[in-house]
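Only one structure is covered here, and it is reproduced in the block below.
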Amino acid sequence: MAPHSFRIGAAAAGVALGLLTAPAPSAAGAVPPHIGTGKAVTSRFVPGPCPKPPEPIEALATARCGFLEVPENRARPDSRTIRLAVAVIPATSAKPAQDPVVFMAGGPGGEVFDDIPFLVSSGLNRDRELIVMAQRGNLYDKPNLACPELDRFYATSVGLPSYAPQTQRLMVDAAKQCRDRLAADGTDLSAYNSTENAADFADLRTALGIKQWNVYGHSYGSNLAMTYLRLHPQGIRAVALDSIAPSQYVSLPFAWSGAQEGLENLYKACAAEPSCKSRYPDIERTLNEQVRKLDAQPLTLNVRPPQGGDPVKVVLDGGALVNLLVAKAIPFAEVPAAIEELGRGRPERFARARAAGSVQVVGQSAHGLTNSVVCSEWVPDRSASDLLNAGREAFPDWPDPVLAQAPQLAFQEEVCRVWNVPDRTGTMRVAPVSSVPTLFINGTGDMKTGASWAQKTARQLSQSTTVQVPGIGHWVVPQSPCAQKVLASFLARPTAPDTSCVAGLKWEPFTITPK
């Protein structure tokens with residue numbers, strides 16, 4: 001079992017630089033008040049030092065940083081103020097464009113500053129400034145909605161049956177302990193949602209005095225970017241969506257369609273490569289057999305984590321096998337070999353990948369934001385039978401105990417009962433209709449958010465371009481030089497991006513092991 005993993009990106013402008021060096025916020029750094037039935041609460045940008053992650057991030061050495069101060073709950077006139085960490089990373093070009101790019105991270109709850117090296121190496125700040133803001137509740141924000149209780153649960157869960165009652169009880173207890181602690185600190189958990197997240201980015205653009213920016217979001221970040229486009233279209237020049245998780249569709253049953261599409265693409269790619277087809281002719285049948293076998297008879301092993309340290313106990317069952325595949329815990333090029341080895345009684349690749357989950361960075365992920373978004377926006381309008389039926393449709397040969405839980409999103413109904421935030425699905429199940437140029441980049445190997453969702457989502461975006469990159473999994477741009485070229489071309493010419501490099505792409509050759 002693994003923490004959730006959905007993420008996004010966006011864009012900002014050059015005039016931010018002057019504001020970030022100012023000793024105090026100027027008039028341009030304030031946002032018009034949010035009016036309730038009582039006093040007004042004003043958002044503003046306050047310059048300050050950059051975060052100092054345990055592993056130094058080179059780009060932060062020249063960045064201008066600070067906090068965006070916003071009301072925690074814009075619907076409440078008496079809302080307290082929260083602070084969101086911001087970094088503006090300068091362009092490497094001597095003559096940068098004046099429309100920066102703002103990044104919206106995945107998760108929800110993913111730590112965005114750790115993404116900066118991937119964004120920089122992908123060229124996001126080559127021709128324009130790159131603006132990064134931690135979504136509310138993240139590591140360098142105030143408050144920080146980390147849940148060490150859940151981090152410790154995830155570390156120990158590798159040695160537990162994936163979907164056993166004991167595992168469920170431990171996870172729900174950890175979530176309740178975190179919720180109770182955050183609520184006792186005065187946190188309004190109902191305010192940590194995509195609508196407020198989108199308003200935060202709208203306020204950031206205004207507070208920094210940016211006339212127009214570009215938005216780049218991946219995974220949950222694409223979900224947030226679409227909400228932002230729908231609610232705050234002002235000042236958006238272009239939107240790039242990587243590994244789309246469309247806000248109008250995302251739910252627990254949605255997870256099974258992504259897993260099915262990614263695995264089917266994997267099977268087709270192996271069949272199309274002569275060496276893979278010859279060496280692994282039955283990987284689909286073998287995987288189906290192993291999911292059933294391990295669900296009935298789990299393996300318990302002692303395995304040393306890939307990160308090092310002492311061996312740990314791991315339980316490899318049907319649920320764990322599916323979760324590892326969806327999480328891309330094993331590189332796609334090695335998946336056919338790993339499945340074939342497992343079928344011959346050699347579970348080492350999967351077992352090592354499972355053991356890696358025992359090493360958690362406690363306190364890094366904002367599970368408080370994760371649960372507040374998932375429990376208000378993804379869970380309430382779908383039933384347990386909806387989830388099971390979606391699983392049965394996608395994988396009719398797999399056992400019900402595996403299909404009853406969404407991959408990487410186990411026990412959400414039970415967690416959401418104790419998290420207790422209002423149902424917001426009616427607000428979120430709305431597709432944006434827009435003429436803003438939009439780019440969809442998806443990988444055919446993505447088992448979290450299937451590539452075909454881009455075509456469905458693009459229908460109501462009149463100036464959209466869709467690109468599928470063969471063999472790439474979740475979060476395409478950092479993994480594909482071609483995708484980086486397409487994104488750069490789109491940011492330069494949003495209505496006419498050059499996508500020609502995609503035509504010559506193929507899957508990476510699969511790992512072929514000796515018989």
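In the structure tokens, each chain is lettered A, B, ... as it comes, each chain's residues begin at 1, and ligands are numbered from 1 in order of appearance.
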
Exercise: Ser157 of chain A partners within 12 Å, only C-alpha atoms, chain neighbours under 2 positions left out, as an MDAnalysis selection string
chainID A and resid 1:3 150:155 159:164 166:171 174 312:316 320 354:360 410

Selected residues, N, CA, C and O atoms, written as a tab-separated table (two decimals), in the first residue's frame, please.
chain	number	residue	atom	x	y	z
A	1	MET	N	0.84	-1.17	0.00
A	1	MET	CA	0.00	0.00	0.00
A	1	MET	C	0.89	1.23	0.00
A	1	MET	O	1.89	1.27	0.68
A	2	ALA	N	0.55	2.22	-0.76
A	2	ALA	CA	1.39	3.40	-0.90
A	2	ALA	C	0.56	4.65	-0.74
A	2	ALA	O	-0.64	4.65	-0.93
A	3	PRO	N	1.21	5.75	-0.34
A	3	PRO	CA	0.48	7.02	-0.28
A	3	PRO	C	-0.02	7.40	-1.66
A	3	PRO	O	0.49	6.97	-2.67
A	150	LEU	N	0.27	8.71	9.57
A	150	LEU	CA	0.07	7.93	8.34
A	150	LEU	C	1.40	7.50	7.73
A	150	LEU	O	1.51	6.40	7.18
A	151	ASP	N	2.42	8.36	7.80
A	151	ASP	CA	3.73	7.96	7.28
A	151	ASP	C	4.22	6.69	8.00
A	151	ASP	O	4.75	5.78	7.36
A	152	ARG	N	4.05	6.66	9.30
A	152	ARG	CA	4.51	5.48	10.05
A	152	ARG	C	3.66	4.26	9.70
A	152	ARG	O	4.18	3.14	9.62
A	153	PHE	N	2.36	4.48	9.47
A	153	PHE	CA	1.53	3.36	9.04
A	153	PHE	C	2.01	2.81	7.70
A	153	PHE	O	2.15	1.60	7.52
A	154	TYR	N	2.27	3.70	6.72
A	154	TYR	CA	2.71	3.24	5.41
A	154	TYR	C	4.01	2.45	5.51
A	154	TYR	O	4.21	1.46	4.79
A	155	ALA	N	4.90	2.86	6.40
A	155	ALA	CA	6.17	2.16	6.56
A	155	ALA	C	5.97	0.73	7.07
A	155	ALA	O	6.64	-0.20	6.63
A	159	GLY	N	4.55	-4.98	5.65
A	159	GLY	CA	4.56	-6.30	6.29
A	159	GLY	C	3.19	-6.79	6.67
A	159	GLY	O	3.07	-7.76	7.44
A	160	LEU	N	2.14	-6.16	6.15
A	160	LEU	CA	0.77	-6.53	6.47
A	160	LEU	C	0.03	-6.96	5.20
A	160	LEU	O	0.35	-6.47	4.11
A	161	PRO	N	-0.97	-7.83	5.32
A	161	PRO	CA	-1.82	-8.12	4.16
A	161	PRO	C	-2.49	-6.83	3.68
A	161	PRO	O	-2.96	-6.04	4.50
A	162	SER	N	-2.53	-6.61	2.39
A	162	SER	CA	-2.95	-5.31	1.86
A	162	SER	C	-4.33	-4.89	2.34
A	162	SER	O	-4.53	-3.73	2.73
A	163	TYR	N	-5.31	-5.81	2.30
A	163	TYR	CA	-6.68	-5.39	2.53
A	163	TYR	C	-7.33	-6.13	3.70
A	163	TYR	O	-8.56	-6.26	3.76
A	164	ALA	N	-6.52	-6.60	4.64
A	164	ALA	CA	-7.05	-7.31	5.80
A	164	ALA	C	-7.72	-6.33	6.77
A	164	ALA	O	-7.37	-5.15	6.83
A	166	GLN	N	-7.27	-5.95	9.89
A	166	GLN	CA	-6.26	-5.35	10.77
A	166	GLN	C	-5.58	-4.17	10.09
A	166	GLN	O	-5.36	-3.12	10.70
A	167	THR	N	-5.27	-4.31	8.81
A	167	THR	CA	-4.63	-3.23	8.05
A	167	THR	C	-5.56	-2.04	7.94
A	167	THR	O	-5.15	-0.88	8.13
A	168	GLN	N	-6.82	-2.31	7.66
A	168	GLN	CA	-7.81	-1.23	7.58
A	168	GLN	C	-7.90	-0.49	8.91
A	168	GLN	O	-7.89	0.75	8.95
A	169	ARG	N	-7.97	-1.22	10.00
A	169	ARG	CA	-8.10	-0.60	11.32
A	169	ARG	C	-6.90	0.29	11.64
A	169	ARG	O	-7.05	1.42	12.12
A	170	LEU	N	-5.70	-0.19	11.33
A	170	LEU	CA	-4.50	0.60	11.60
A	170	LEU	C	-4.46	1.89	10.77
A	170	LEU	O	-4.09	2.95	11.25
A	171	MET	N	-4.88	1.79	9.49
A	171	MET	CA	-4.88	2.97	8.64
A	171	MET	C	-5.92	3.97	9.10
A	171	MET	O	-5.64	5.18	9.19
A	174	ALA	N	-4.77	5.71	12.24
A	174	ALA	CA	-3.73	6.70	11.97
A	174	ALA	C	-4.35	7.97	11.39
A	174	ALA	O	-3.97	9.09	11.75
A	312	VAL	N	13.56	-6.31	5.95
A	312	VAL	CA	12.27	-6.07	6.58
A	312	VAL	C	11.30	-7.14	6.12
A	312	VAL	O	11.45	-7.73	5.04
A	313	LYS	N	10.29	-7.38	6.94
A	313	LYS	CA	9.24	-8.32	6.57
A	313	LYS	C	8.32	-7.67	5.54
A	313	LYS	O	7.89	-6.52	5.71
A	314	VAL	N	8.06	-8.40	4.46
A	314	VAL	CA	7.09	-7.91	3.46
A	314	VAL	C	6.09	-9.01	3.18
A	314	VAL	O	6.41	-10.20	3.19
A	315	VAL	N	4.85	-8.59	2.96
A	315	VAL	CA	3.79	-9.50	2.53
A	315	VAL	C	3.47	-9.14	1.08
A	315	VAL	O	3.13	-8.00	0.77
A	316	LEU	N	3.61	-10.12	0.21
A	316	LEU	CA	3.32	-9.94	-1.20
A	316	LEU	C	2.04	-10.70	-1.52
A	316	LEU	O	2.03	-11.92	-1.58
A	320	ALA	N	-1.01	-6.08	-3.16
A	320	ALA	CA	0.33	-5.48	-3.23
A	320	ALA	C	0.87	-5.55	-4.65
A	320	ALA	O	1.48	-4.59	-5.15
A	354	ARG	N	8.37	-3.79	-2.92
A	354	ARG	CA	7.48	-3.69	-1.75
A	354	ARG	C	8.27	-3.21	-0.54
A	354	ARG	O	7.81	-2.36	0.22
A	355	ALA	N	9.47	-3.74	-0.35
A	355	ALA	CA	10.29	-3.36	0.80
A	355	ALA	C	10.68	-1.89	0.76
A	355	ALA	O	10.89	-1.26	1.82
A	356	ALA	N	10.78	-1.30	-0.43
A	356	ALA	CA	11.13	0.12	-0.54
A	356	ALA	C	10.14	1.00	0.21
A	356	ALA	O	10.50	2.06	0.73
A	357	GLY	N	8.89	0.56	0.31
A	357	GLY	CA	7.89	1.34	1.02
A	357	GLY	C	8.10	1.41	2.51
A	357	GLY	O	7.44	2.21	3.20
A	358	SER	N	9.00	0.59	3.04
A	358	SER	CA	9.27	0.63	4.49
A	358	SER	C	10.11	1.84	4.88
A	358	SER	O	10.26	2.14	6.06
A	359	VAL	N	10.68	2.52	3.88
A	359	VAL	CA	11.52	3.70	4.13
A	359	VAL	C	10.70	4.93	3.74
A	359	VAL	O	10.56	5.25	2.56
A	360	GLN	N	10.12	5.59	4.72
A	360	GLN	CA	9.28	6.76	4.50
A	360	GLN	C	9.96	8.02	5.03
A	360	GLN	O	10.63	7.97	6.07
A	410	ALA	N	-6.68	2.64	-0.98
A	410	ALA	CA	-7.41	1.65	-0.19
A	410	ALA	C	-8.15	2.29	0.97
A	410	ALA	O	-7.74	3.31	1.51

Skipping near chain neighbours, those fewer than 5 positions away, what residues fall within 8 Å of segment 503-509 of chain A using only C-alpha atoms, listed as a ChimeraX atom specification?
/A:269,273,333,469-472

Residues of segment 260-340 of chain A that approach segment 344-351 of chain A to 12 Å or less, counting only C-alpha atoms: could you list each one with the shortest pair of atoms and its distance in Å to one decimal, rows by chain and increasing residue number, as JSON lines?
{"residue": "A:Ile283", "atom": "CA", "partner": "A:Arg344", "partner_atom": "CA", "distance": 11.9}
{"residue": "A:Thr286", "atom": "CA", "partner": "A:Arg344", "partner_atom": "CA", "distance": 9.6}
{"residue": "A:Leu287", "atom": "CA", "partner": "A:Arg344", "partner_atom": "CA", "distance": 11.6}
{"residue": "A:Glu289", "atom": "CA", "partner": "A:Arg344", "partner_atom": "CA", "distance": 11.6}
{"residue": "A:Gln290", "atom": "CA", "partner": "A:Gly345", "partner_atom": "CA", "distance": 10.0}
{"residue": "A:Lys293", "atom": "CA", "partner": "A:Gly345", "partner_atom": "CA", "distance": 11.5}
{"residue": "A:Leu294", "atom": "CA", "partner": "A:Pro347", "partner_atom": "CA", "distance": 10.9}
{"residue": "A:Pro298", "atom": "CA", "partner": "A:Pro347", "partner_atom": "CA", "distance": 11.3}
{"residue": "A:Leu299", "atom": "CA", "partner": "A:Pro347", "partner_atom": "CA", "distance": 8.8}
{"residue": "A:Thr300", "atom": "CA", "partner": "A:Ala351", "partner_atom": "CA", "distance": 9.2}
{"residue": "A:Leu301", "atom": "CA", "partner": "A:Ala351", "partner_atom": "CA", "distance": 7.6}
{"residue": "A:Asn302", "atom": "CA", "partner": "A:Ala351", "partner_atom": "CA", "distance": 8.7}
{"residue": "A:Val303", "atom": "CA", "partner": "A:Ala351", "partner_atom": "CA", "distance": 6.8}
{"residue": "A:Arg304", "atom": "CA", "partner": "A:Ala351", "partner_atom": "CA", "distance": 9.1}
{"residue": "A:Pro305", "atom": "CA", "partner": "A:Ala351", "partner_atom": "CA", "distance": 8.9}
{"residue": "A:Pro306", "atom": "CA", "partner": "A:Ala351", "partner_atom": "CA", "distance": 10.2}
{"residue": "A:Pro311", "atom": "CA", "partner": "A:Ala351", "partner_atom": "CA", "distance": 11.1}
{"residue": "A:Val312", "atom": "CA", "partner": "A:Ala351", "partner_atom": "CA", "distance": 10.2}
{"residue": "A:Lys313", "atom": "CA", "partner": "A:Ala351", "partner_atom": "CA", "distance": 9.6}
{"residue": "A:Val314", "atom": "CA", "partner": "A:Ala351", "partner_atom": "CA", "distance": 6.9}
{"residue": "A:Val315", "atom": "CA", "partner": "A:Ala351", "partner_atom": "CA", "distance": 8.1}
{"residue": "A:Leu316", "atom": "CA", "partner": "A:Ala351", "partner_atom": "CA", "distance": 6.7}
{"residue": "A:Asp317", "atom": "CA", "partner": "A:Ala351", "partner_atom": "CA", "distance": 10.2}
{"residue": "A:Gly318", "atom": "CA", "partner": "A:Phe350", "partner_atom": "CA", "distance": 11.4}
{"residue": "A:Ala320", "atom": "CA", "partner": "A:Phe350", "partner_atom": "CA", "distance": 8.9}
{"residue": "A:Leu321", "atom": "CA", "partner": "A:Phe350", "partner_atom": "CA", "distance": 7.2}
{"residue": "A:Val322", "atom": "CA", "partner": "A:Phe350", "partner_atom": "CA", "distance": 10.3}
{"residue": "A:Asn323", "atom": "CA", "partner": "A:Phe350", "partner_atom": "CA", "distance": 10.5}
{"residue": "A:Leu324", "atom": "CA", "partner": "A:Phe350", "partner_atom": "CA", "distance": 7.4}
{"residue": "A:Leu325", "atom": "CA", "partner": "A:Phe350", "partner_atom": "CA", "distance": 9.0}
{"residue": "A:Ala327", "atom": "CA", "partner": "A:Phe350", "partner_atom": "CA", "distance": 11.9}
{"residue": "A:Lys328", "atom": "CA", "partner": "A:Phe350", "partner_atom": "CA", "distance": 11.0}
{"residue": "A:Ala329", "atom": "CA", "partner": "A:Phe350", "partner_atom": "CA", "distance": 8.3}
{"residue": "A:Ile330", "atom": "CA", "partner": "A:Phe350", "partner_atom": "CA", "distance": 7.4}
{"residue": "A:Pro331", "atom": "CA", "partner": "A:Arg349", "partner_atom": "CA", "distance": 10.3}
{"residue": "A:Glu334", "atom": "CA", "partner": "A:Arg349", "partner_atom": "CA", "distance": 9.1}
{"residue": "A:Val335", "atom": "CA", "partner": "A:Arg349", "partner_atom": "CA", "distance": 9.2}
{"residue": "A:Pro336", "atom": "CA", "partner": "A:Arg349", "partner_atom": "CA", "distance": 11.2}
{"residue": "A:Ala337", "atom": "CA", "partner": "A:Arg349", "partner_atom": "CA", "distance": 9.1}
{"residue": "A:Ala338", "atom": "CA", "partner": "A:Arg349", "partner_atom": "CA", "distance": 6.0}
{"residue": "A:Ile339", "atom": "CA", "partner": "A:Pro347", "partner_atom": "CA", "distance": 8.5}
{"residue": "A:Glu340", "atom": "CA", "partner": "A:Arg344", "partner_atom": "CA", "distance": 6.5}

Export of the given selection (C-alpha atoms) as a PDB file, in the first residue's frame:
ATOM      1  CA  ILE A 283       2.498 -12.158 -19.463  1.00  0.00           C
ATOM      2  CA  THR A 286       0.700 -15.064 -15.929  1.00  0.00           C
ATOM      3  CA  LEU A 287      -0.202 -11.792 -14.190  1.00  0.00           C
ATOM      4  CA  GLU A 289      -2.805 -16.150 -12.372  1.00  0.00           C
ATOM      5  CA  GLN A 290      -0.426 -14.506  -9.911  1.00  0.00           C
ATOM      6  CA  LYS A 293      -2.716 -17.027  -6.442  1.00  0.00           C
ATOM      7  CA  LEU A 294      -1.211 -14.361  -4.195  1.00  0.00           C
ATOM      8  CA  PRO A 298       0.254 -14.465   0.088  1.00  0.00           C
ATOM      9  CA  LEU A 299       4.030 -14.724   0.305  1.00  0.00           C
ATOM     10  CA  THR A 300       5.837 -13.502   3.408  1.00  0.00           C
ATOM     11  CA  LEU A 301       9.517 -12.714   2.936  1.00  0.00           C
ATOM     12  CA  ASN A 302      12.374 -10.879   4.620  1.00  0.00           C
ATOM     13  CA  VAL A 303      13.876  -8.449   2.112  1.00  0.00           C
ATOM     14  CA  ARG A 304      16.486  -5.718   2.266  1.00  0.00           C
ATOM     15  CA  PRO A 305      15.066  -2.402   0.984  1.00  0.00           C
ATOM     16  CA  PRO A 306      16.746  -1.019  -2.155  1.00  0.00           C
ATOM     17  CA  PRO A 311      15.938  -6.724   5.877  1.00  0.00           C
ATOM     18  CA  VAL A 312      12.269  -6.072   6.583  1.00  0.00           C
ATOM     19  CA  LYS A 313       9.237  -8.320   6.574  1.00  0.00           C
ATOM     20  CA  VAL A 314       7.094  -7.912   3.462  1.00  0.00           C
ATOM     21  CA  VAL A 315       3.790  -9.496   2.526  1.00  0.00           C
ATOM     22  CA  LEU A 316       3.318  -9.936  -1.203  1.00  0.00           C
ATOM     23  CA  ASP A 317      -0.337 -10.554  -1.986  1.00  0.00           C
ATOM     24  CA  GLY A 318      -2.671  -9.786  -4.874  1.00  0.00           C
ATOM     25  CA  ALA A 320       0.330  -5.485  -3.228  1.00  0.00           C
ATOM     26  CA  LEU A 321       1.149  -6.832  -6.693  1.00  0.00           C
ATOM     27  CA  VAL A 322      -1.422  -4.545  -8.343  1.00  0.00           C
ATOM     28  CA  ASN A 323      -0.409  -1.508  -6.304  1.00  0.00           C
ATOM     29  CA  LEU A 324       3.265  -1.965  -7.186  1.00  0.00           C
ATOM     30  CA  LEU A 325       2.453  -2.075 -10.894  1.00  0.00           C
ATOM     31  CA  ALA A 327       2.766   2.926  -8.753  1.00  0.00           C
ATOM     32  CA  LYS A 328       5.473   2.136 -11.307  1.00  0.00           C
ATOM     33  CA  ALA A 329       7.532   0.679  -8.486  1.00  0.00           C
ATOM     34  CA  ILE A 330       9.205  -1.491 -11.125  1.00  0.00           C
ATOM     35  CA  PRO A 331      10.477   0.215 -14.308  1.00  0.00           C
ATOM     36  CA  GLU A 334      11.436  -4.702 -16.486  1.00  0.00           C
ATOM     37  CA  VAL A 335       7.755  -5.487 -15.895  1.00  0.00           C
ATOM     38  CA  PRO A 336       7.445  -8.431 -18.315  1.00  0.00           C
ATOM     39  CA  ALA A 337      10.596  -9.979 -16.820  1.00  0.00           C
ATOM     40  CA  ALA A 338       9.324  -9.406 -13.280  1.00  0.00           C
ATOM     41  CA  ILE A 339       5.952 -11.026 -14.075  1.00  0.00           C
ATOM     42  CA  GLU A 340       7.605 -13.997 -15.774  1.00  0.00           C
TER      43      GLU A 340
END

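What separates atom CA of Pro108 of chain A from atom CA of Asn214 of chain A is a distance of 20.6 Å.
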
Can you pull out every residue within 6 Å of segment 85-99 of chain A, counting only C-alpha atoms, but drop anything in the same chain fewer than 3 positions away, and send it as a list in words?
Ala12, Ala13, Gly14, Ala63, Arg64, Cys65, Gly66, Phe67, Asn125, Arg126, Asp127, Arg128, Glu129, Leu130, Ile131, Val132, Met133, Ala134, Tyr140, Asp141, Gln212 and Trp213 of chain A

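Using only C-alpha atoms, the residues found no farther than 12 Å from Asn389 of chain A, other than those of its own chain fewer than 3 positions away, are Leu252, Pro253, Phe254, Trp256, Ser257, Arg382, Ser383, Ala384, Ser385, Asp386, Arg392, Glu393, Ala394, Phe395, Pro396, Trp398, Pro399, Asp400, Val402, Leu403, Ala404, Gln405 and Ala406 of chain A.
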
Please provide as a VMD selection string all residues within 10 Å of Gly221 of chain A, with the sequence filter that same-chain residues fewer than 2 positions apart are discarded (counting only C-alpha atoms).
chain A and resid 6 to 10 103 to 108 110 135 194 215 to 219 223 to 227 241 to 246

Could you tell me, as a VMD selection string, which residues of segment 119-342 of chain A DSSP assigns to helix (DSSP H, G or I) when given the backbone?
chain A and resid 119 to 121 148 to 157 165 to 184 189 to 191 194 to 207 220 to 231 254 to 272 274 to 279 283 to 296 318 to 326 332 to 342

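Closest approach to Pro437 of chain A among A:Phe490, A:Tyr192, A:Tyr267, A:Phe201 is made by A:Phe490 (distances from only C-alpha atoms).
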
Please provide the set of residues having any atom within 8 Å of Cys178 of chain A, restricted to only C-alpha atoms, with same-chain residues fewer than 2 positions apart removed, written as an mmCIF file with N, CA, C and O atoms, in the first residue's frame.
data_model
loop_
_atom_site.group_PDB
_atom_site.id
_atom_site.type_symbol
_atom_site.label_atom_id
_atom_site.label_comp_id
_atom_site.auth_asym_id
_atom_site.auth_seq_id
_atom_site.Cartn_x
_atom_site.Cartn_y
_atom_site.Cartn_z
ATOM 1 N N CYS A 147 1.007 14.330 8.184
ATOM 2 C CA CYS A 147 0.450 13.314 9.079
ATOM 3 C C CYS A 147 1.527 12.258 9.351
ATOM 4 O O CYS A 147 1.544 11.204 8.689
ATOM 5 N N PRO A 148 2.420 12.497 10.299
ATOM 6 C CA PRO A 148 3.411 11.469 10.631
ATOM 7 C C PRO A 148 2.770 10.138 11.001
ATOM 8 O O PRO A 148 3.361 9.079 10.792
ATOM 9 N N GLU A 149 1.552 10.223 11.544
ATOM 10 C CA GLU A 149 0.854 8.994 11.915
ATOM 11 C C GLU A 149 0.649 8.103 10.693
ATOM 12 O O GLU A 149 0.817 6.880 10.764
ATOM 13 N N LEU A 150 0.272 8.708 9.567
ATOM 14 C CA LEU A 150 0.072 7.928 8.344
ATOM 15 C C LEU A 150 1.396 7.503 7.727
ATOM 16 O O LEU A 150 1.509 6.403 7.180
ATOM 17 N N ALA A 174 -4.771 5.706 12.242
ATOM 18 C CA ALA A 174 -3.733 6.699 11.969
ATOM 19 C C ALA A 174 -4.347 7.969 11.386
ATOM 20 O O ALA A 174 -3.970 9.093 11.753
ATOM 21 N N ALA A 175 -5.311 7.807 10.472
ATOM 22 C CA ALA A 175 -5.970 8.974 9.885
ATOM 23 C C ALA A 175 -6.741 9.752 10.942
ATOM 24 O O ALA A 175 -6.718 10.998 10.962
ATOM 25 N N LYS A 176 -7.412 9.040 11.833
ATOM 26 C CA LYS A 176 -8.188 9.722 12.886
ATOM 27 C C LYS A 176 -7.273 10.479 13.843
ATOM 28 O O LYS A 176 -7.576 11.605 14.262
ATOM 29 N N ASP A 180 -7.660 14.439 14.329
ATOM 30 C CA ASP A 180 -7.936 15.009 15.647
ATOM 31 C C ASP A 180 -6.872 16.026 16.041
ATOM 32 O O ASP A 180 -7.176 17.086 16.605
ATOM 33 N N ARG A 181 -5.617 15.728 15.731
ATOM 34 C CA ARG A 181 -4.530 16.652 16.077
ATOM 35 C C ARG A 181 -4.636 17.950 15.279
ATOM 36 O O ARG A 181 -4.497 19.052 15.830
ATOM 37 N N LEU A 182 -4.883 17.839 13.968
ATOM 38 C CA LEU A 182 -4.996 19.036 13.138
ATOM 39 C C LEU A 182 -6.202 19.879 13.543
ATOM 40 O O LEU A 182 -6.112 21.116 13.619
ATOM 41 N N GLY A 368 -2.912 15.659 5.141
ATOM 42 C CA GLY A 368 -4.118 16.397 5.513
ATOM 43 C C GLY A 368 -4.801 16.985 4.298
ATOM 44 O O GLY A 368 -6.038 16.937 4.171
#

Find the residues of segment 203-268 of chain A that sit at most 8 Å from segment 44-60 of chain A; for each, write down the nearest two atoms and how far apart they are in Å, to one decimal. Count only C-alpha atoms. Sort by chain, then by number going up, and give it as a Markdown table.
| residue | atom | partner | partner_atom | distance |
| --- | --- | --- | --- | --- |
| A:Asp203 | CA | A:Arg44 | CA | 7.8 |
| A:Leu204 | CA | A:Phe45 | CA | 7.3 |
| A:Ala207 | CA | A:Arg44 | CA | 5.7 |
| A:Leu208 | CA | A:Phe45 | CA | 7.0 |

Write out as a CSV table (one decimal) with C-alpha atoms, in the first residue's frame all residues of segment 56-161 of chain A that DSSP puts in strand (DSSP E) for this structure's backbone.
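Written file, result.csv:
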chain,number,residue,atom,x,y,z
A,64,ARG,CA,13.3,35.0,-5.0
A,65,CYS,CA,11.1,33.5,-2.3
A,66,GLY,CA,8.4,34.4,0.2
A,67,PHE,CA,4.9,33.6,1.3
A,68,LEU,CA,1.4,34.2,-0.1
A,69,GLU,CA,-0.9,35.1,2.8
A,70,VAL,CA,-4.5,34.1,2.2
A,71,PRO,CA,-7.6,33.4,4.2
A,81,THR,CA,-4.7,33.7,7.7
A,82,ILE,CA,-2.5,30.9,6.3
A,83,ARG,CA,0.9,31.2,4.5
A,84,LEU,CA,1.9,29.4,1.3
A,85,ALA,CA,5.6,29.1,0.3
A,86,VAL,CA,6.5,30.6,-3.0
A,87,ALA,CA,9.7,30.6,-5.2
A,88,VAL,CA,10.3,32.5,-8.4
A,89,ILE,CA,13.2,30.8,-10.3
A,101,VAL,CA,5.1,29.6,-16.2
A,102,VAL,CA,3.5,28.5,-12.9
A,103,PHE,CA,3.7,24.9,-11.7
A,104,MET,CA,0.9,23.1,-9.9
A,106,GLY,CA,0.6,16.5,-8.0
A,107,GLY,CA,-0.6,14.6,-5.0
A,130,LEU,CA,9.3,29.4,-13.3
A,131,ILE,CA,7.0,30.1,-10.4
A,132,VAL,CA,6.4,27.4,-7.8
A,133,MET,CA,3.9,27.6,-4.9

Could you name the residues that touch Ala146 of chain A at 6 Å or less, counting only C-alpha atoms, but leaving out those on the same chain fewer than 2 positions away, as number ranges by chain?
A: 144, 363, 365-367

Could you save the residues just selected, with N, CA, C and O atoms, as a short mmCIF file (atom, residue, chain, number, x, y, z; two decimals), in the first residue's frame?
data_model
loop_
_atom_site.label_atom_id
_atom_site.label_comp_id
_atom_site.auth_asym_id
_atom_site.auth_seq_id
_atom_site.Cartn_x
_atom_site.Cartn_y
_atom_site.Cartn_z
N ASN A 144 1.24 23.37 8.31
CA ASN A 144 1.71 22.21 7.56
C ASN A 144 0.82 21.04 7.94
O ASN A 144 0.76 20.65 9.10
N GLY A 363 6.70 13.10 7.63
CA GLY A 363 6.37 14.52 7.70
C GLY A 363 6.51 15.27 6.40
O GLY A 363 6.25 16.48 6.36
N SER A 365 4.96 14.60 3.21
CA SER A 365 3.73 14.73 2.43
C SER A 365 2.60 15.31 3.27
O SER A 365 2.46 14.99 4.45
N ALA A 366 1.79 16.16 2.63
CA ALA A 366 0.66 16.79 3.33
C ALA A 366 -0.56 15.88 3.21
O ALA A 366 -1.48 16.13 2.42
N HIS A 367 -0.57 14.82 4.01
CA HIS A 367 -1.70 13.89 3.95
C HIS A 367 -3.00 14.57 4.37
O HIS A 367 -4.09 14.11 4.01
#

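Counting from atom CA of Pro100 of chain A, the distance to atom CA of Gly450 of chain A is 28.8 Å.
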